Structure formats: structure tokens, C-alpha cells
>>> print(open('run.txt').read())   # compact mmCIF, C-alpha atoms
# COMPACT_ATOMS: atom_id res chain seq x y z
CA MET A 7 -21.04 -26.24 8.55
CA ARG A 8 -24.54 -27.79 8.75
CA ASP A 9 -24.54 -29.86 11.99
CA PHE A 10 -22.44 -31.38 14.76
CA ARG A 11 -21.12 -34.10 12.42
CA ASP A 12 -19.37 -31.43 10.33
CA ALA A 13 -17.88 -29.97 13.51
CA LYS A 14 -16.63 -33.40 14.54
CA ALA A 15 -15.11 -33.95 11.10
CA MET A 16 -13.33 -30.62 11.43
CA ALA A 17 -12.03 -31.67 14.85
CA GLN A 18 -10.72 -34.94 13.40
CA THR A 19 -9.00 -33.11 10.54
CA LEU A 20 -7.47 -30.68 13.01
CA ARG A 21 -6.20 -33.49 15.22
CA GLU A 22 -4.64 -35.36 12.29
CA SER A 23 -3.01 -32.20 10.90
CA LEU A 24 -1.49 -31.31 14.27
CA THR A 25 -0.16 -34.86 14.65
CA THR A 26 1.82 -34.47 11.41
CA LYS A 27 3.37 -31.33 12.92
CA ALA A 28 4.45 -33.12 16.11
CA VAL A 29 1.58 -31.71 18.19
CA THR A 30 -0.55 -34.35 19.91
CA ILE A 31 -4.02 -33.59 21.33
CA SER A 32 -6.89 -35.81 22.42
CA HIS A 33 -10.22 -36.11 20.63
CA SER A 34 -11.99 -34.08 23.32
CA GLU A 35 -9.30 -31.41 23.16
CA SER A 36 -9.77 -31.15 19.38
CA LEU A 37 -13.52 -30.67 19.89
CA GLU A 38 -12.91 -27.93 22.43
CA LEU A 39 -10.37 -26.29 20.10
CA VAL A 40 -12.79 -26.29 17.15
CA SER A 41 -15.37 -24.66 19.41
CA ARG A 42 -12.94 -21.92 20.40
CA MET A 43 -11.90 -21.40 16.78
CA LEU A 44 -15.55 -20.80 15.96
CA GLY A 45 -15.84 -18.26 18.76
CA VAL A 46 -17.83 -20.49 21.16
CA ALA A 47 -16.84 -21.16 24.76
CA ASP A 48 -16.92 -24.98 24.67
CA TRP A 49 -18.05 -28.05 22.74
CA ASN A 50 -21.32 -28.46 24.64
CA THR A 51 -22.34 -24.91 23.75
CA LEU A 52 -21.40 -25.35 20.10
CA SER A 53 -23.27 -28.65 19.85
CA ALA A 54 -26.38 -27.05 21.33
CA LEU A 55 -26.18 -24.12 18.94
CA LEU A 56 -25.82 -26.41 15.94
CA HIS A 57 -28.74 -28.57 16.95
CA ALA A 58 -30.86 -25.48 17.52
CA GLU A 59 -29.68 -24.04 14.17
CA ARG A 60 -28.89 -20.75 15.87
CA ARG A 61 -25.46 -20.20 14.34
CA ASP A 62 -24.82 -17.17 12.15
CA THR A 63 -25.58 -18.27 8.57
CA ALA A 64 -24.19 -15.21 6.78
CA ALA A 65 -22.45 -16.25 3.57
CA PRO A 66 -18.69 -15.73 3.31
CA ILE A 67 -17.50 -12.98 1.00
CA VAL A 68 -16.02 -15.57 -1.38
CA LYS A 69 -16.51 -19.25 -2.13
CA PHE A 70 -13.69 -21.28 -0.63
CA LYS A 71 -12.37 -24.76 -1.23
CA SER A 72 -13.39 -27.27 1.41
CA SER A 73 -9.97 -28.86 2.09
CA THR A 74 -8.17 -27.31 5.04
CA ALA A 75 -4.82 -27.46 6.81
CA VAL A 76 -3.57 -26.33 10.20
CA TYR A 77 -0.74 -23.80 10.51
CA PRO A 78 0.96 -21.79 13.24
CA ALA A 79 -0.44 -18.26 13.05
CA VAL A 80 0.46 -14.65 13.73
CA PRO A 81 -2.26 -12.01 14.20
CA LEU A 82 -1.38 -8.67 12.59
CA ARG A 83 -2.68 -5.48 14.22
CA ASP A 84 -2.07 -2.66 11.71
CA PHE A 85 -0.65 -4.31 8.61
CA VAL A 86 -2.03 -6.17 5.59
CA PRO A 87 0.47 -8.20 3.53
CA PHE A 88 -0.12 -9.18 -0.09
CA PRO A 89 1.15 -12.22 -2.04
CA GLY A 90 4.56 -11.73 -3.62
CA ALA A 91 5.80 -9.23 -1.03
CA THR A 92 8.80 -9.76 1.25
CA PHE A 93 8.54 -7.86 4.53
CA PRO A 94 9.74 -7.91 8.16
CA LEU A 95 7.48 -8.68 11.10
CA PHE A 96 8.27 -7.67 14.66
CA VAL A 97 6.80 -10.19 17.08
CA GLY A 98 6.42 -9.76 20.82
CA ARG A 99 3.19 -11.42 22.01
CA GLU A 100 3.88 -14.71 23.81
CA ASN A 101 1.43 -16.80 21.80
CA THR A 102 2.87 -15.42 18.56
CA VAL A 103 6.45 -16.16 19.65
CA LEU A 104 5.47 -19.74 20.50
CA ALA A 105 3.79 -20.19 17.10
CA LEU A 106 6.77 -18.66 15.36
CA ASN A 107 9.21 -21.00 17.08
CA HIS A 108 7.11 -24.00 16.06
CA ALA A 109 6.96 -22.81 12.46
CA PHE A 110 10.75 -22.44 12.29
CA GLU A 111 11.22 -25.95 13.66
CA ASN A 112 9.04 -27.42 10.90
CA GLU A 113 7.95 -26.28 7.41
CA ARG A 114 8.62 -22.56 8.05
CA GLU A 115 5.11 -21.70 6.91
CA MET A 116 2.51 -19.87 8.95
CA VAL A 117 -0.68 -17.88 8.42
CA CYS A 118 -0.91 -14.13 8.88
CA ALA A 119 -4.37 -13.27 10.22
CA ILE A 120 -5.45 -9.62 10.02
CA GLN A 121 -7.13 -8.32 13.16
CA ARG A 122 -10.37 -6.38 12.84
CA ASP A 123 -9.48 -4.26 15.88
CA SER A 124 -5.82 -3.54 16.66
CA GLY A 125 -6.72 -2.92 20.30
CA VAL A 126 -7.52 -6.59 20.96
CA ASP A 127 -4.53 -8.18 22.74
CA GLU A 128 -5.72 -11.80 22.70
CA PRO A 129 -7.69 -12.22 19.46
CA ARG A 130 -10.06 -15.12 18.82
CA PHE A 131 -11.62 -16.35 15.60
CA GLY A 132 -14.24 -13.62 15.55
CA ASP A 133 -11.53 -10.95 15.92
CA VAL A 134 -9.80 -11.69 12.59
CA TYR A 135 -10.93 -11.17 9.00
CA GLU A 136 -12.07 -14.02 6.76
CA VAL A 137 -9.08 -13.89 4.41
CA GLY A 138 -5.46 -14.20 5.52
CA VAL A 139 -2.11 -14.81 3.87
CA LEU A 140 0.10 -17.89 3.99
CA VAL A 141 3.72 -16.79 4.42
CA GLN A 142 7.11 -18.45 4.35
CA LEU A 143 9.61 -17.56 7.07
CA VAL A 144 12.97 -16.59 5.59
CA GLU A 145 15.11 -15.32 8.43
CA LEU A 146 14.71 -14.87 12.18
CA GLU A 147 16.56 -12.43 14.45
CA ARG A 148 16.07 -12.22 18.23
CA LEU A 149 16.31 -8.63 19.45
CA GLN A 150 17.71 -7.37 22.75
CA ASP A 151 14.28 -6.33 24.08
CA GLY A 152 13.05 -9.93 23.83
CA SER A 153 11.03 -9.43 20.67
CA ILE A 154 11.72 -11.16 17.36
CA ARG A 155 12.26 -9.75 13.91
CA VAL A 156 11.36 -12.22 11.20
CA LEU A 157 11.73 -11.70 7.45
CA THR A 158 8.78 -13.27 5.65
CA ARG A 159 7.62 -13.80 2.09
CA ALA A 160 3.89 -13.83 1.35
CA LEU A 161 2.89 -16.83 -0.75
CA ARG A 162 -0.89 -16.81 -1.33
CA ARG A 163 -4.29 -15.93 0.06
CA VAL A 164 -6.07 -18.35 2.37
CA ALA A 165 -9.55 -18.56 3.84
CA MET A 166 -9.61 -18.50 7.62
CA ARG A 167 -11.64 -21.48 8.86
CA GLY A 168 -10.49 -21.23 12.46
CA PHE A 169 -8.12 -19.33 14.73
CA ALA A 170 -7.31 -19.91 18.40
CA ALA A 171 -4.58 -19.78 21.05
CA LEU A 172 -3.27 -23.15 22.29
CA SER A 173 -0.69 -23.93 24.94
CA ASN A 174 1.97 -23.74 22.20
CA GLY A 175 0.80 -20.48 20.62
CA TYR A 176 -1.64 -19.29 17.96
CA TRP A 177 -2.86 -21.81 15.39
CA SER A 178 -5.20 -21.41 12.46
CA GLU A 179 -7.18 -23.69 10.23
CA ALA A 180 -7.11 -22.39 6.67
CA SER A 181 -8.10 -23.43 3.17
CA GLU A 182 -6.87 -22.28 -0.19
CA ALA A 183 -8.47 -19.14 -1.66
CA PRO A 184 -7.45 -19.20 -5.33
CA GLU A 185 -7.79 -16.19 -7.59
CA ILE A 186 -10.39 -16.13 -10.33
CA PRO A 187 -8.69 -16.51 -13.76
CA PRO A 188 -8.45 -12.96 -15.14
CA ILE A 189 -9.46 -11.70 -18.54
CA ASP A 190 -7.08 -9.61 -20.65
CA ALA A 191 -7.30 -5.94 -19.73
CA PRO A 192 -4.31 -4.10 -21.26
CA ASP A 193 -6.02 -0.69 -21.20
CA LEU A 194 -6.87 -1.07 -17.51
CA ILE A 195 -3.26 -2.05 -16.75
CA ARG A 196 -1.86 0.89 -18.71
CA ARG A 197 -4.17 3.46 -17.09
CA THR A 198 -3.65 2.20 -13.56
CA ILE A 199 0.13 1.94 -13.87
CA GLN A 200 0.27 5.52 -15.17
CA ARG A 201 -1.81 6.77 -12.25
CA PHE A 202 0.15 4.73 -9.74
CA ASP A 203 3.46 6.09 -11.06
CA ASP A 204 2.22 9.58 -10.17
CA TYR A 205 0.93 8.34 -6.81
CA ALA A 206 4.27 6.66 -5.99
CA ALA A 207 6.23 9.77 -6.93
CA ALA A 208 3.94 12.06 -4.92
CA HIS A 209 4.28 9.86 -1.82
CA GLY A 210 7.97 9.07 -2.20
CA LEU A 211 7.35 5.31 -2.59
CA LEU A 212 10.21 3.04 -3.59
CA MET A 213 9.23 0.52 -6.25
CA PRO A 214 11.04 -2.75 -7.07
CA ASP A 215 13.13 -2.79 -10.25
CA ILE A 216 10.77 -5.32 -11.82
CA TRP A 217 8.02 -2.69 -11.64
CA LEU A 218 9.45 -1.15 -14.81
CA PHE A 219 8.41 -4.26 -16.75
CA PHE A 220 5.03 -4.98 -15.15
CA ASP A 221 3.01 -3.39 -17.95
CA GLN A 222 4.59 -5.94 -20.30
CA THR A 223 3.81 -9.00 -18.17
CA GLY A 224 0.04 -8.64 -18.15
CA ASP A 225 -0.05 -10.33 -14.73
CA ILE A 226 -2.99 -8.33 -13.38
CA GLY A 227 -3.04 -10.01 -9.99
CA ARG A 228 0.63 -9.35 -9.34
CA ILE A 229 0.38 -5.77 -10.56
CA ALA A 230 -2.63 -5.11 -8.32
CA ASP A 231 -0.99 -6.70 -5.26
CA THR A 232 2.24 -4.74 -5.77
CA MET A 233 0.25 -1.50 -5.81
CA ALA A 234 -2.01 -2.45 -2.91
CA MET A 235 0.94 -3.39 -0.69
CA ARG A 236 2.41 0.11 -1.05
CA MET A 237 -0.68 2.31 -1.02
CA LYS A 238 -1.27 4.44 2.05
CA LEU A 239 -4.69 3.22 3.10
CA PRO A 240 -6.48 2.30 6.34
CA VAL A 241 -6.26 -1.39 7.29
CA LYS A 242 -9.94 -1.92 6.47
CA ASP A 243 -9.50 -0.56 2.93
CA LYS A 244 -6.36 -2.63 2.36
CA TYR A 245 -8.11 -5.74 3.60
CA GLU A 246 -10.95 -5.12 1.13
CA LEU A 247 -8.36 -5.27 -1.67
CA LEU A 248 -6.87 -8.47 -0.24
CA ALA A 249 -10.31 -10.12 -0.12
CA ILE A 250 -11.10 -9.45 -3.81
CA LEU A 251 -10.21 -12.72 -5.56
CA ASP A 252 -10.93 -11.43 -9.07
CA PRO A 253 -7.68 -9.69 -10.16
CA VAL A 254 -9.46 -7.49 -12.70
CA LYS A 255 -11.97 -6.24 -10.11
CA ARG A 256 -9.11 -5.69 -7.67
CA LEU A 257 -7.22 -3.55 -10.17
CA GLU A 258 -10.42 -1.65 -11.03
CA LYS A 259 -10.87 -0.94 -7.32
CA ILE A 260 -7.31 0.38 -7.12
CA GLU A 261 -7.88 2.56 -10.18
CA GLY A 262 -10.87 4.06 -8.43
CA LEU A 263 -8.81 4.78 -5.32
CA LEU A 264 -6.17 6.48 -7.47
CA ASP A 265 -8.74 8.59 -9.30
CA VAL A 266 -8.13 11.98 -7.72
CA PRO A 267 -11.15 14.30 -7.83
CA ALA A 268 -10.45 17.38 -9.93
CA ARG A 269 -9.10 20.23 -7.81
CA PRO A 270 -9.13 23.79 -9.06
CA LEU A 271 -5.90 25.75 -9.24
CA ALA A 272 -5.52 28.41 -6.59
CA PRO A 273 -5.67 31.85 -8.26
CA ALA A 274 -2.01 32.56 -7.45
CA TYR A 275 -0.83 29.25 -8.90
CA ASP A 276 -3.11 29.57 -11.92
CA ALA A 277 -1.33 32.85 -12.68
CA THR A 278 2.08 31.17 -12.09
CA ARG A 279 1.29 28.31 -14.45
CA ARG A 280 0.08 30.70 -17.16
CA ARG A 281 3.26 32.73 -16.66
CA ALA A 282 5.32 29.59 -17.36
CA LEU A 283 3.47 29.07 -20.65
CA ILE A 284 3.92 32.77 -21.54
CA LEU A 285 7.67 32.50 -20.86
CA ALA A 286 7.83 29.70 -23.44
CA ASP A 287 5.64 31.58 -25.93
CA GLN A 288 7.70 34.76 -25.65
CA ARG A 289 10.77 32.81 -26.71
CA ARG A 290 8.76 30.97 -29.40
CA HIS A 291 9.65 27.63 -27.78
CA GLN A 292 7.75 24.62 -29.06
CA PHE A 293 7.38 23.19 -25.56
CA ALA A 294 6.75 24.55 -22.10
CA THR A 295 9.20 22.66 -19.89
CA LEU A 296 9.78 22.22 -16.18
CA GLU A 297 12.43 24.89 -16.41
CA HIS A 298 9.82 27.41 -17.54
CA LEU A 299 7.65 26.28 -14.64
CA LEU A 300 10.49 26.52 -12.10
CA LEU A 301 11.34 30.04 -13.26
CA ALA A 302 7.71 31.03 -12.76
CA LEU A 303 7.63 29.35 -9.32
CA THR A 304 10.50 31.55 -8.11
CA GLU A 305 7.97 34.40 -8.20
CA ASP A 306 4.98 32.41 -6.93
CA GLY A 307 3.44 33.79 -3.73
CA ASP A 308 3.38 30.35 -2.06
CA ALA A 309 6.38 28.55 -3.55
CA ALA A 310 8.95 31.40 -3.41
CA PRO A 311 8.80 31.81 0.42
CA ILE A 312 9.21 28.03 0.81
CA LEU A 313 12.26 28.11 -1.46
CA GLN A 314 13.74 30.92 0.60
CA ALA A 315 13.01 29.06 3.84
CA SER A 316 14.85 26.11 2.30
CA LYS A 317 17.96 28.33 1.93
CA ALA A 318 17.61 28.84 -1.82
CA ASP A 319 19.31 31.84 -3.41
CA LEU A 320 16.37 32.97 -5.55
CA GLY A 321 18.38 35.48 -7.54
CA LEU A 322 21.02 32.90 -8.49
CA LEU A 323 18.36 30.27 -9.18
CA ARG A 324 16.47 32.62 -11.53
CA GLN A 325 19.69 33.46 -13.35
CA ASN A 326 20.69 29.81 -13.78
CA VAL A 327 17.25 28.78 -15.02
CA THR A 328 17.04 31.75 -17.40
CA ASP A 329 20.47 30.97 -18.84
CA TYR A 330 19.46 27.35 -19.42
CA ILE A 331 16.19 28.32 -21.11
CA ASP A 332 17.81 30.86 -23.41
CA LYS A 333 20.81 28.72 -24.39
CA GLU A 334 19.85 25.07 -24.12
CA LEU A 335 16.30 25.36 -25.44
CA ALA A 336 17.13 27.59 -28.42
CA HIS A 337 16.84 24.59 -30.72
CA THR A 338 13.12 24.25 -29.88
CA VAL A 339 12.20 27.63 -31.41
CA ILE A 340 9.33 27.48 -33.92
CA GLU A 341 8.00 30.10 -36.34
CA THR A 342 4.33 29.90 -35.38
CA GLY A 343 2.14 28.26 -32.76
CA THR A 344 1.96 28.20 -28.98
CA ALA A 345 4.04 26.23 -26.52
CA VAL A 346 2.75 22.80 -25.52
CA PRO A 347 3.45 21.46 -22.01
CA THR A 348 5.89 18.55 -22.06
CA PRO A 349 4.91 15.12 -20.63
CA ALA A 350 7.00 15.98 -17.56
CA PHE A 351 5.07 19.24 -17.14
CA ARG A 352 1.78 17.31 -17.33
CA ARG A 353 3.05 14.73 -14.84
CA VAL A 354 3.81 17.52 -12.38
CA ASP A 355 0.26 18.83 -12.92
CA ARG A 356 -1.23 15.45 -11.99
CA ARG A 357 1.17 14.92 -9.13
CA ALA A 358 0.49 18.38 -7.70
CA ALA A 359 -3.23 17.49 -7.53
CA LEU A 360 -2.36 14.30 -5.61
CA ILE A 361 -0.19 16.26 -3.20
CA ALA A 362 -2.92 18.85 -2.70
CA GLN A 363 -5.26 15.98 -1.79
CA GLU A 364 -2.70 14.57 0.66
CA PHE A 365 -2.20 17.98 2.30
CA GLY A 366 -5.95 18.51 2.43
CA ASN A 367 -5.77 21.60 0.22
CA PRO A 368 -9.03 22.43 -1.58
CA GLU A 369 -6.96 24.02 -4.38
CA VAL A 370 -3.64 23.23 -6.03
CA THR A 371 -0.98 25.73 -4.95
CA GLY A 372 2.47 26.66 -6.15
CA THR A 373 3.91 24.81 -3.16
CA ASN A 374 2.17 21.63 -4.32
CA ALA A 375 3.71 22.07 -7.77
CA LEU A 376 7.16 22.66 -6.27
CA VAL A 377 6.96 19.41 -4.30
CA ALA A 378 5.64 17.59 -7.37
CA LEU A 379 8.70 18.65 -9.35
CA PHE A 380 11.28 16.73 -7.29
CA PRO A 381 10.52 13.22 -8.63
CA GLU A 382 11.53 14.44 -12.11
CA THR A 383 15.15 13.73 -11.20
CA ARG A 384 16.35 13.69 -14.82
CA SER A 385 15.15 17.20 -15.50
CA PRO A 386 17.56 20.16 -15.45
CA ALA A 387 15.06 21.95 -13.18
CA ALA A 388 15.46 19.32 -10.46
CA ARG A 389 19.24 19.32 -10.91
CA MET A 390 19.41 23.11 -10.53
CA LEU A 391 17.51 22.85 -7.26
CA ALA A 392 19.87 20.09 -6.13
CA ASP A 393 22.88 22.29 -6.98
CA GLN A 394 21.71 24.64 -4.22
CA GLY A 395 21.06 21.78 -1.82
CA ILE A 396 17.30 22.08 -2.20
CA SER A 397 15.73 18.64 -1.71
CA ARG A 398 12.19 17.48 -1.11
CA PHE A 399 13.14 16.68 2.49
CA ARG A 400 14.31 20.27 3.06
CA VAL A 401 11.21 21.67 1.35
CA ASP A 402 8.91 19.41 3.39
CA LYS A 403 10.55 20.70 6.59
CA ALA A 404 10.06 24.28 5.44
CA ILE A 405 6.40 23.57 4.69
CA ALA A 406 5.94 22.04 8.14
CA ARG A 407 7.55 25.05 9.82
CA SER A 408 5.36 27.39 7.80
CA ALA A 409 2.23 25.43 8.75
CA GLY A 410 3.26 25.60 12.41
CA LYS A 411 3.63 29.38 12.24
CA ASP A 412 0.22 29.71 10.59
CA LYS A 413 -1.41 27.69 13.41
CA GLY A 414 0.43 29.72 16.04
>>> encode(input="run.txt", output="C-alpha cells")
Amino acid sequence: MRDFRDAKAMAQTLRESLTTKAVTISHSESLELVSRMLGVADWNTLSALLHAERRDTAAPIVKFKSSTAVYPAVPLRDFVPFPGATFPLFVGRENTVLALNHAFENEREMVCAIQRDSGVDEPRFGDVYEVGVLVQLVELERLQDGSIRVLTRALRRVAMRGFAALSNGYWSEASEAPEIPPIDAPDLIRRTIQRFDDYAAAHGLLMPDIWLFFDQTGDIGRIADTMAMRMKLPVKDKYELLAILDPVKRLEKIEGLLDVPARPLAPAYDATRRRALILADQRRHQFATLEHLLLALTEDGDAAPILQASKADLGLLRQNVTDYIDKELAHTVIETGTAVPTPAFRRVDRRAALIAQEFGNPEVTGTNALVALFPETRSPAARMLADQGISRFRVDKAIARSAGKDKG
């Protein structure tokens, strides 16, 4: 915006857009509203600032289209949605409820604005980030406590041109923020999907069925947004991903976030892992499997006590795993050579490093490896743990109890 004529044009556009949505305001009211959307107390103040050229001239983080539209709006405190996601919103603030009701009575579209500070109860334009998300309202449910649960589907990114509270709730002025056409990057997609699979397994994330086919679609933007929506990140970091309009750069940023710094193995677990490889070599097995690793973990100084605290019968577990290794893996015997870790074994290695990072461990422990084993649900090792009722949930509880005792 260069001068007061641009502000007046914005006010006229706002007034016309609201009229199409059955909201009538006067010309002076539209000027006052534009001023409030821009974070200024009133029109006289805004006009003076524009004439004096004292407005903040910092460039936006992206170049936006000039055409705008007015939508009902909902400010989000601690959540960043991404296009393509379907998610529930729980609404309780009066201005948000009013905006929501208006949206449901009309096109069922509204803008989600992400608050910079979740502690602000009555946000203004300066309290929300520059990029928001246009969403479609799918289903509304009024709860007994007076709040509303609304199922929404995120459609696309928008640039926030204005945001304010009116007598009928929050409204925003927004323009389209289209993605930059991506270049082909199959290697980037493959690497990031592989890393995210480990991340999802380590954090117990549920992925949509279509995720299995994403590496074949080549839709970098959709792949990146699906990952970003589910990553456990602070709001500021998630918003930074939302604001990147180049899908390739967004996926590169995610790859960097998934790149776990190398963590050394704790001496006890290093010995346990080597013992698993020796167990395979002693039997001349071609591969070191998760069963070899589980057998070694039953004698690990960190993992074994957690298994016992989870009500595992270690003697029976060792016997069952040993029987499986000796009988079911006999066909993998080779004449010469050393055992090679299977892909599942290597996945557990990577996942254990992620879990060590999550727990804040400077080194990877046997407990980290035990937790990392559970996502391998098709492995006999995981099934033998399940046969004794040993689940990740039970192990996590045992770890928490053990941590509590250590602090005490």
C-alpha cells in the first residue's frame, strides 16, 4: 500500500465483498475496519501515517497476488493446519463462534489465521502471521459446555491482508498464495520419505493409507504438507514450513529437520549389538535379524530390567527366541562370510537414534533399541513380545516409572 488512495480502494473492496455475504456496512465503517485490520486505531491515524510515509515498509516473506476476498476467520492459538488435511477445531471464543455461524450460513469457507502468541485472547492483525489457510467447514457439533466442534478440510494457503473483530465475529481479508511450480526431485522424495517413515514409527504417528503411494505420485507439495502436518514441532517452526511456497524448498527443509545428528552407542548397547551379530555368526547365518537382536537385548543392562518391569518372563522369552533362530533360520546358513544386518535391523538402528534424541539421551541405549523394535509388527521378534503381552505402551510406562525412581 503506497498512500491513502490504496487504503480507500481496500475499504471499497471490503465493503463490496461483505455485501455479497449479506453483511452491510457504511463507507466510513469500512475505512475504520481497514484501519483496524492494519493494526491502527482509526482512519484518521492511518491517513496521517500514510501521508507521512511512516508505515512499516518491510517486504512480505513472499510475493502475493493483489486480488483479495473477505472471509469469516478463526484465530488458532497452538495449531498450524496444512492444505489437504482434515481436522477438528474446538471453538469457544465469542468472536470465533459468531464467524463460524456466519460461515455455515453461507459458503462454508473461512480463513484459519495462526496467532504469533497463544496468550493473546483478542488478536488483531499484528497478532497473526502473514500466511493462513483457507478451509472448508464439513460438519459442526455443538458441545454441552457451549463450545463448538467443527470438522474442517484445509484447501489452500492464503496471504493475510487484514484481520479484525467486527460485531458479527472475526473477519479477514486474504489473497491467494499459490505454490511455485516444483521441479522434479525423485531422489529428494525418496530420501525424505524413508527418513519420515522412521520418524513416524518412532513417534507412533498414524499415516493415511494413501501415504503408501506418495513416492509414486511425485506431488512434492502434498508429500511435504502431509509430513509437516504430523511432525512434532513448535508452532513457529511449523508456520515456517507453511510459509514456504516452493514445494522443493519445503521438502528440503523437512529433510533437514529429520536429519538426526549421529549419536554414539552407549558402551552397554554397543556390546549388546555386537553380541547380536556374533549370535548370527556363530550359527553361520547369512543375516543378523531382529530375533538375534531381541535375544541379545534380554541380557542388556538397560533393556532387560525394562522388560522385567513390563512383566516379561525373560527365561521363556529367551527360550522362544532361541528356538525360532535355531529352527526357522536354519535355511539362511552359509559356508563362509559374516552376518549382514537385515533392512529391519538397520531400520531399528535409525529409529533408536531418533528415540534417543526424543528422550534427550546423548547415547543410544538398549532401551531405545527395544522401543524402536515395536513398529516392526511383521517380525517374529515383535510377535514374541506380543505373545507375552509386552507392548510399546507397557514398555513406555515402565520407562517412565524407572525415570521417576532415578529422579527420586
>>> closest_residue(input="run.txt", among="A:Ile195, A:Ala286, A:Ala206, A:Val241", to="Val254 in chain A", atoms="only C-alpha atoms")
A:Ile195
>>> closest_residue(input="run.txt", among="A:Gln314, A:Gln363, A:Ser178, A:Thr338", to="Leu264 in chain A", atoms="only C-alpha atoms")
A:Gln363
>>> axis_aligned_box(input="run.txt", around="range 341-358 of chain A", padding_each_side="3 Å", output="AutoDock Vina command-line options")
--center_x 3.4 --center_y 22.4 --center_z -22.0 --size_x 15.2 --size_y 21.4 --size_z 34.6
>>> atom_distance(input="run.txt", atom1="CA of Gln121 in chain A", atom2="CA of Ala109 in chain A")
20.2 Å
>>> residues_around(input="run.txt", residues="Arg197 in chain A", least_positions_apart="4", cutoff="12 Å", atoms="all atoms listed in the file", output="list in words")
Ala191, Pro192, Asp193, Arg201, Phe202, Asp203, Asp204, Asp221, Leu257, Glu258, Ile260, Glu261, Gly262, Leu264 and Asp265 of chain A
>>> residues_around(input="run.txt", residues="Leu300 in chain A", least_positions_apart="6", cutoff="9 Å", atoms="only C-alpha atoms", output="ChimeraX atom specification")
/A:282,324,327,376,379,387-388
>>> write_last_selection(input="run.txt", atoms="C-alpha atoms", output="CSV table (one decimal), in the frame of the given file")
chain,number,residue,atom,x,y,z
A,282,ALA,CA,5.3,29.6,-17.4
A,324,ARG,CA,16.5,32.6,-11.5
A,327,VAL,CA,17.2,28.8,-15.0
A,376,LEU,CA,7.2,22.7,-6.3
A,379,LEU,CA,8.7,18.6,-9.4
A,387,ALA,CA,15.1,22.0,-13.2
A,388,ALA,CA,15.5,19.3,-10.5
>>> atom_distance(input="run.txt", atom1="CA of Val164 in chain A", atom2="CA of Ala180 in chain A")
6.0 Å
>>> closest_atom_pairs(input="run.txt", of="range 300-320 of chain A", to="range 393-412 of chain A", cutoff="12 Å", atoms="all atoms listed in the file", output="CSV")
residue,atom,partner,partner_atom,distance
A:Asp308,CA,A:Ile405,CA,10.0
A:Ala309,CA,A:Ile405,CA,9.6
A:Ala310,CA,A:Val401,CA,11.1
A:Pro311,CA,A:Ala404,CA,9.1
A:Ile312,CA,A:Ala404,CA,6.0
A:Leu313,CA,A:Val401,CA,7.1
A:Gln314,CA,A:Ala404,CA,9.0
A:Ala315,CA,A:Ala404,CA,5.8
A:Ser316,CA,A:Val401,CA,5.8
A:Lys317,CA,A:Ile396,CA,7.5
A:Ala318,CA,A:Gln394,CA,6.3
A:Asp319,CA,A:Gln394,CA,7.6
A:Leu320,CA,A:Gln394,CA,10.0
>>> closest_residue(input="run.txt", among="A:Gly210, A:Leu106, A:Ala345, A:Gly224", to="Arg236 in chain A", atoms="all atoms listed in the file")
A:Gly210
>>> closest_residue(input="run.txt", among="A:Arg159, A:Arg114, A:Lys238, A:Arg167", to="Val137 in chain A", atoms="only C-alpha atoms")
A:Arg167
>>> atom_distance(input="run.txt", atom1="CA of Asp127 in chain A", atom2="CA of Ile250 in chain A")
27.4 Å
>>> residues_around(input="run.txt", residues="Ala79 in chain A", least_positions_apart="2", cutoff="10 Å", atoms="all atoms listed in the file", output="list in words")
Val76, Tyr77, Pro81, Leu82, Asn101, Thr102, Val103, Leu104, Ala105, Leu106, His108, Ala109, Glu115, Met116, Val117, Cys118, Ala119, Gly138, Val139, Leu140, Val141, Phe169, Ala170, Ala171, Gly175, Tyr176, Trp177, Ser178 and Glu179 of chain A
>>> closest_residue(input="run.txt", among="A:Gln200, A:Ser181, A:Thr371, A:Gln288", to="Gly307 in chain A", atoms="all atoms listed in the file")
A:Thr371
>>> closest_residue(input="run.txt", among="A:Met390, A:Leu303, A:Ala277, A:Ala165", to="Gly372 in chain A", atoms="all atoms listed in the file")
A:Leu303
>>> residues_around(input="run.txt", residues="Ala230 in chain A", least_positions_apart="3", cutoff="12 Å", atoms="only C-alpha atoms", output="PyMOL selection string")
chain A and resi 88-91+188+194-195+198-199+202+217+220-221+224-227+233-237+244+247-248+250-261
>>> residues_around(input="run.txt", residues="His337 in chain A", least_positions_apart="6", cutoff="12 Å", atoms="all atoms listed in the file", output="list in words")
Arg289, Arg290, His291, Gln292, Phe293, Tyr330 and Ile331 of chain A
